Each structure stands twice: as structure tokens, then as C-alpha cells.
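First comes the structure, then the notes that go with it.
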Amino acid sequence: MTVLRQSPGNSTERLASCSNTTLPQSFTQYLNTSFLGERQFMQVGPVNYTFFQFGPLGSTIVGWTPDLLQTLAQGRQVTVFTNKGVGYSIDAEETESSSVSGYAASTVDLTEALELEQPDLLGWSLGGDISLYIAEFYPDTVTRVVVADTTSGGLLGYSAASQALAVPLVPVHLQGLPVPATYIFPDNDPGNAGLCRFEASLAAMPKEPVTPQQIAGQNSAIYGYYDDPQSTVYHALGNITTEVLVIAGTLDEVVSVQDDILIVDMIPGANFLQFADAGHAAILQHAVEAGEVISAFLDA
């Protein structure tokens with residue numbers, strides 16, 4: 001699940017081109033998603049979480065692509081889950097409105113219930129916001145954190161470059177795709193290769209229905225991340241002691257790369273990986289390369 005801006009006008013044509021695209025075998029080998037195993041559930045307080053746990057092999061869940069997941073799982077166990085109150089991760093109580101701080105607290109609850117002792121975290125877009133929040137306010141619960149195409153919240157963490165991109169947000173479930181993926185894969189992508197790989201990945205991954213109310217909840221968390229001082233981590237970035245890797249696409253039209261650079265500049269010793277030809281889905285457009293860099297960072 002993510003929230004995307006209105007997609008460019010050539011969306012239909014770009015998506016249609018995928019039906020005539022032959023994907024390379026080097027990618028299609030990843031489309032057998034049996035490595036995920038069975039969908040699992042765990043009750044943690046009022047929330048019944050859905051997740052997959054797999055690896056080592058010899059991100060909703062549906063947004064993660066199998067080539068990235070399999071690359072990461074070569075040397076470690078991987079757990080991918082859906083945030084509380086979204087998809088199959090039902091929150092029976094729904095006692096609070098959605099917020100980055102609330103998602104962060106529930107993520108810690110789940111990792112503790114799964115007995116994952118100080119795991120590494122990987123978060124993309126809103127997931128990156130949540131992961132940064134955990135690195136600041138729950139530092140003893142994680143070892144290393146990787147964030148991709150994200151911001152640190154608040155008006156100061158939301159750069160002028162990102163504000164210049166701002167248009168009314170259009171919530172779109174990634175499975176619903178009439179058009180949205182074209183906004184996260186730039187037009188300069190040769191043959192729409194990244195976009196078409198993403199489309200094929202969505203078709204291969206397990207499906208998970210999401211309601212308009214659940215999408216609105218995630219929108220609320222995103223807006224609150226800029227407006228609510230309790231949800232932002234911008235002012236505390238310099239206090240983060242967890243090792244952090246930031247990944248960004250130079251051509252990101254959802255969150256400016258300047259927001260990622262700000263995070264890198266303010267977190268002591270932060271690492272930075274930037275893809276010059278990628279947009280908001282840099283970590284998916286270059287999934288295998290990004291996965292290898294992430295693995296090296298986590299193994300260091």
C-alpha cells in the first residue's frame with residue numbers, strides 16, 4: 001500500500017506497452033512466489049496481523065517485488081507484513097486514528113510477539129517514515145534500519161522541492177492499478193522495463209483487498225506526519241544512533257530526493273545509495289542491485 005499523486009497523462013499507453021513486452025529470464029525466474037510459503041496470522045492485542053516469513057533461501061506485502069525479497073532472503077530470514085488496520089491485518093478495536101507513531105508502536109509489538117530480537121528494518125515510502133520513527137523512539141528494538149524514498153516529517157523535513165511537487169493526493173491501492181505505477185517509474189525508463197517488471201510482480205504476488213476506509217487511514221497518517229509534532233522525527237534526526245542506510249531515486253516525483261539527502265546529512269554516519277535514473281520506486285526499479293547493497297550493509 002502506498003499513496004500516489006495523480007498519474008501523468010500517458011499512463012494508459014505505458015501500461016498497455018507491458019502486454020507486448022517480453023521480460024528477460026533473469027527477471028522471470030523470480031516470479032515463482034512459492035518461496036513465500038503460506039500466509040500467516042498472529043494476534044497481538046486487538047490486531048490480527050497478516051505476514052509471510054521466509055528465508056534464508058538457497059512489502060502492503062503486495063507492494064514488495066519477488067526479485068527484491070528473494071535477493072534479501074539469500075542469507076537471512078525475512079518477514080513482510082501489512083500494517084495494522086490494513087488489508088488482512090484487522091484491528092478489532094481501532095482505538096486511535098492512523099498515525100506514523102501508532103504504526104511504529106504496533107510494528108514493535110509485532111516484532112516482539114514474533115520473538116524477533118532486534119531485527120533489521122526495511123521501509124519504503126510510508127514504511128520508511130515508520131522505520132525512522134522506530135530508530136529514534138525505539139532504538140533498543142532494532143539493529144539496523146534501511147529507508148527508501150522517504151521523509152523525516154514536519155514542514156522542515158518536507159523540502160521546498162517536495163512542496164513544489166505537491167498536488168492533491170490520490171489514494172490508489174497498488175493492486176488496483178489503472179494508472180498509478182506510472183507515477184513511481186519515470187518516463188525515461190527504457191522500454192518501460194521497470195514498470196513492466198512491477199506489473200508482472202503484482203500479478204505474481206498474493207492478493208490482499210484494501211477498503212477505501214483503510215486507504216483513508218493511511219492518508220491520515222501521512223498528513224499527520226507533516227502536521228503533528230509528535231509524529232515527526234525531523235528535529236531528532238541528529239540523536240539517532242542506529243545505523244541507517246537511505247536509498248533514493250533522483251527522479252522521484254512523490255518525495256524529492258532532497259528530503260532523503262536531508263536525512264543523510266542529519267543522521268550521524270548515515271549511508272546513502274542514489275539511483276540517478278529512478279523515481280519513487282528506486283528500490284523496486286533496481287531491486288536486485290538494491291537488495292545486494294542492503295544485504296552488504298546489514299552484514300557489515
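Identifiers for the C-alpha cells are assigned positionally: chains receive A, B, ... in sequence, residues are indexed from 1 per chain, and ligands are indexed from 1 in the order shown.
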Residues near A:Phe35, anyone? I mean within 7 Å using only C-alpha atoms, not counting same-chain ones fewer than 2 positions away, as number ranges by chain. A: 33, 37, 54
Near-A:Val246 list (9 Å; only C-alpha atoms; drop same-chain fewer than 4 positions) as JSON, numbers by chain: {"A": [145, 146, 147, 148, 149, 150, 260, 261, 263, 264, 270, 271, 272, 273, 274]}
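For the pair atom CA of A:Val80 and atom CA of A:Gln40, the interatomic distance is 10.4 Å.
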Set the distance at 7 Å and use only C-alpha atoms: which residues neighbour A:Leu237 once local chain neighbours fewer than 4 positions away are removed? I'd like the list as a ChimeraX atom specification. /A:233,266-267
Take the residues just selected and output them with N, CA, C and O atoms as a tab-separated table (two decimals), in the first residue's frame.
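Now in selection-v1.tsv:
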```tsv
chain	number	residue	atom	x	y	z
A	233	VAL	N	10.06	13.06	12.98
A	233	VAL	CA	11.36	12.77	13.59
A	233	VAL	C	12.41	13.80	13.16
A	233	VAL	O	13.57	13.69	13.52
A	266	MET	N	21.74	14.71	8.36
A	266	MET	CA	21.46	14.96	9.77
A	266	MET	C	21.68	13.76	10.68
A	266	MET	O	21.86	13.91	11.88
A	267	ILE	N	21.65	12.55	10.12
A	267	ILE	CA	21.89	11.36	10.94
A	267	ILE	C	23.39	11.05	10.93
A	267	ILE	O	23.97	10.81	9.87
```
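Across the structure, atom CA of A:Glu253 and atom CA of A:Leu68 are spaced 21.9 Å apart.
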DSSP alpha helix (DSSP H) residues within stretch 19-248 of chain A, as JSON, numbers by chain: {"A": [25, 26, 27, 28, 66, 67, 68, 69, 70, 71, 72, 100, 101, 102, 103, 104, 105, 106, 107, 108, 109, 110, 111, 112, 113, 126, 127, 128, 129, 130, 131, 132, 133, 134, 135, 136, 137, 154, 155, 156, 157, 160, 161, 162, 163, 164, 165, 181, 182, 183, 184, 193, 194, 195, 196, 197, 198, 199, 200, 201, 202, 203, 204, 212, 213, 214, 215, 216, 217, 218, 219, 220, 221, 222, 223, 224, 225, 226, 227]}
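For the atom pair formed by atom CA of A:Ala290 and atom CA of A:Ala104, the distance is 24.0 Å, given to one decimal.
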Give me, as a compact mmCIF listing (two decimals) with N, CA and C atoms, in the first residue's frame, all polymer residues having an atom no more than 12 Å from A:Gly191, counting only C-alpha atoms and skipping those fewer than 5 positions away in the same chain.
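The result, written out as result_35.txt:
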```
# COMPACT_ATOMS: atom_id res chain seq x y z
N GLU A 13 -1.11 4.35 -22.04
CA GLU A 13 -0.23 3.87 -23.10
C GLU A 13 0.97 3.12 -22.52
N ARG A 14 1.54 3.64 -21.44
CA ARG A 14 2.71 2.99 -20.85
C ARG A 14 2.34 1.63 -20.28
N LEU A 15 1.20 1.55 -19.60
CA LEU A 15 0.78 0.27 -19.05
C LEU A 15 0.44 -0.72 -20.17
N ALA A 16 -0.18 -0.23 -21.23
CA ALA A 16 -0.54 -1.11 -22.33
C ALA A 16 0.69 -1.71 -23.00
N SER A 17 1.79 -0.97 -23.00
CA SER A 17 3.01 -1.47 -23.64
C SER A 17 3.53 -2.72 -22.97
N CYS A 18 3.17 -2.92 -21.69
CA CYS A 18 3.67 -4.09 -20.96
C CYS A 18 3.12 -5.38 -21.54
N SER A 19 1.93 -5.34 -22.14
CA SER A 19 1.36 -6.56 -22.70
C SER A 19 2.16 -7.05 -23.90
N ASN A 20 2.95 -6.17 -24.50
CA ASN A 20 3.76 -6.55 -25.66
C ASN A 20 5.24 -6.65 -25.30
N THR A 21 5.54 -6.64 -24.00
CA THR A 21 6.93 -6.66 -23.56
C THR A 21 7.33 -8.07 -23.12
N THR A 22 8.44 -8.56 -23.64
CA THR A 22 8.98 -9.84 -23.21
C THR A 22 10.00 -9.58 -22.12
N LEU A 23 9.70 -10.05 -20.93
CA LEU A 23 10.59 -9.82 -19.80
C LEU A 23 11.75 -10.80 -19.85
N PHE A 185 7.51 5.17 -11.63
CA PHE A 185 8.56 4.77 -12.58
C PHE A 185 8.65 5.86 -13.64
N PRO A 186 9.80 6.52 -13.77
CA PRO A 186 9.91 7.68 -14.65
C PRO A 186 9.77 7.34 -16.14
N CYS A 196 7.05 -2.50 -16.27
CA CYS A 196 6.51 -3.79 -16.70
C CYS A 196 6.93 -4.91 -15.75
N ARG A 197 8.13 -4.83 -15.19
CA ARG A 197 8.53 -5.82 -14.20
C ARG A 197 7.65 -5.70 -12.96
```
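The nearest approach to A:Leu245 among the residues A:Gly217, A:Gly279, A:Gly194, A:Gly128, with only C-alpha atoms taken into account, belongs to A:Gly128.
Minimum atom-to-atom distances from A:Ser295, A:Phe41, A:Ile90, A:Asn192 to A:Leu122 were compared using only C-alpha atoms, and the lowest value belongs to A:Ser295.
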Tell me which of A:Ala203, A:Gly127, A:Gln218, A:Thr241 sits closest to A:Asp140, counting only C-alpha atoms. A:Thr241
For A:Tyr225: contacts at 7 Å, only C-alpha atoms, fewer than 6 positions along chain excluded, given as JSON, numbers by chain: {"A": [100, 153, 154, 231, 232]}
Would you export the selected residues with N, CA, C and O atoms as a short mmCIF file (atom, residue, chain, number, x, y, z; two decimals), in the first residue's frame, please?
```cif
data_model
loop_
_atom_site.label_atom_id
_atom_site.label_comp_id
_atom_site.auth_asym_id
_atom_site.auth_seq_id
_atom_site.Cartn_x
_atom_site.Cartn_y
_atom_site.Cartn_z
N VAL A 100 1.84 7.75 12.07
CA VAL A 100 3.16 7.13 11.98
C VAL A 100 3.58 6.60 13.34
O VAL A 100 4.12 5.49 13.45
N GLY A 153 9.44 14.07 8.05
CA GLY A 153 8.22 14.65 8.58
C GLY A 153 8.35 16.12 8.96
O GLY A 153 9.43 16.70 8.96
N GLY A 154 7.21 16.70 9.28
CA GLY A 154 7.19 18.12 9.64
C GLY A 154 7.41 19.01 8.42
O GLY A 154 7.86 18.56 7.38
N SER A 231 4.53 13.18 15.65
CA SER A 231 4.75 12.12 14.67
C SER A 231 6.02 12.32 13.86
O SER A 231 6.52 11.39 13.24
N THR A 232 6.56 13.52 13.82
CA THR A 232 7.74 13.79 13.01
C THR A 232 9.02 13.39 13.75
O THR A 232 9.06 13.37 14.97
#
```
If we count only C-alpha atoms, what is near A:Tyr103 at a cut-off of 8 Å, once residues fewer than 5 positions away on the same chain are taken out, given as a short mmCIF file (atom, residue, chain, number, x, y, z; two decimals) with N, CA, C and O atoms, in the first residue's frame?
```cif
data_model
loop_
_atom_site.label_atom_id
_atom_site.label_comp_id
_atom_site.auth_asym_id
_atom_site.auth_seq_id
_atom_site.Cartn_x
_atom_site.Cartn_y
_atom_site.Cartn_z
N ASN A 83 0.55 -3.36 7.68
CA ASN A 83 0.29 -2.54 8.86
C ASN A 83 -1.09 -2.82 9.45
O ASN A 83 -2.02 -3.22 8.74
N LYS A 84 -1.21 -2.58 10.74
CA LYS A 84 -2.49 -2.79 11.42
C LYS A 84 -3.59 -1.97 10.77
O LYS A 84 -3.38 -0.84 10.30
N SER A 98 -5.13 6.53 12.48
CA SER A 98 -3.84 6.08 11.97
C SER A 98 -2.81 7.19 12.07
O SER A 98 -3.09 8.35 11.81
N ILE A 130 7.91 5.21 9.11
CA ILE A 130 7.71 4.40 10.31
C ILE A 130 9.04 3.87 10.84
O ILE A 130 9.31 3.88 12.05
#
```
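Proximity ranking of A:Ala135, A:Val44, A:Leu110, A:Leu262 relative to A:Asn239 places A:Ala135 first, based on only C-alpha atoms.
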Write down as an mmCIF file with N, CA and C atoms, in the first residue's frame the residues of stretch 212-288 of chain A whose backbone DSSP state falls under strand (DSSP E).
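The result, stored in result12.cif:
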```cif
data_model
loop_
_atom_site.group_PDB
_atom_site.id
_atom_site.type_symbol
_atom_site.label_atom_id
_atom_site.label_comp_id
_atom_site.auth_asym_id
_atom_site.auth_seq_id
_atom_site.Cartn_x
_atom_site.Cartn_y
_atom_site.Cartn_z
ATOM 1 N N GLU A 243 22.397 2.421 13.024
ATOM 2 C CA GLU A 243 22.996 2.526 11.697
ATOM 3 C C GLU A 243 21.885 2.584 10.653
ATOM 4 N N VAL A 244 21.980 3.553 9.744
ATOM 5 C CA VAL A 244 20.906 3.813 8.787
ATOM 6 C C VAL A 244 21.468 3.857 7.368
ATOM 7 N N LEU A 245 20.765 3.208 6.447
ATOM 8 C CA LEU A 245 21.031 3.317 5.010
ATOM 9 C C LEU A 245 19.821 3.971 4.362
ATOM 10 N N VAL A 246 20.042 5.039 3.600
ATOM 11 C CA VAL A 246 18.975 5.747 2.892
ATOM 12 C C VAL A 246 19.128 5.478 1.401
ATOM 13 N N ILE A 247 18.034 5.089 0.747
ATOM 14 C CA ILE A 247 18.026 4.823 -0.692
ATOM 15 C C ILE A 247 17.053 5.790 -1.351
ATOM 16 N N ALA A 248 17.444 6.349 -2.491
ATOM 17 C CA ALA A 248 16.597 7.347 -3.142
ATOM 18 C C ALA A 248 16.748 7.288 -4.654
ATOM 19 N N GLY A 249 15.704 7.740 -5.338
ATOM 20 C CA GLY A 249 15.739 7.919 -6.783
ATOM 21 C C GLY A 249 15.795 9.398 -7.094
ATOM 22 N N ASN A 271 24.431 6.172 5.697
ATOM 23 C CA ASN A 271 24.884 5.752 4.379
ATOM 24 C C ASN A 271 23.840 6.129 3.334
ATOM 25 N N PHE A 272 24.277 6.328 2.092
ATOM 26 C CA PHE A 272 23.364 6.816 1.057
ATOM 27 C C PHE A 272 23.600 6.080 -0.246
ATOM 28 N N LEU A 273 22.515 5.586 -0.846
ATOM 29 C CA LEU A 273 22.540 4.959 -2.167
ATOM 30 C C LEU A 273 21.532 5.682 -3.031
ATOM 31 N N GLN A 274 21.990 6.270 -4.142
ATOM 32 C CA GLN A 274 21.121 7.057 -5.007
ATOM 33 C C GLN A 274 21.169 6.507 -6.422
ATOM 34 N N PHE A 275 19.991 6.305 -7.018
ATOM 35 C CA PHE A 275 19.885 5.833 -8.393
ATOM 36 C C PHE A 275 19.476 7.011 -9.271
#
```
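Minimum atom-to-atom distances from A:Gln285, A:Gln53, A:Leu72, A:Ala113 to A:Glu199 were compared using only C-alpha atoms, and the lowest value belongs to A:Gln285.
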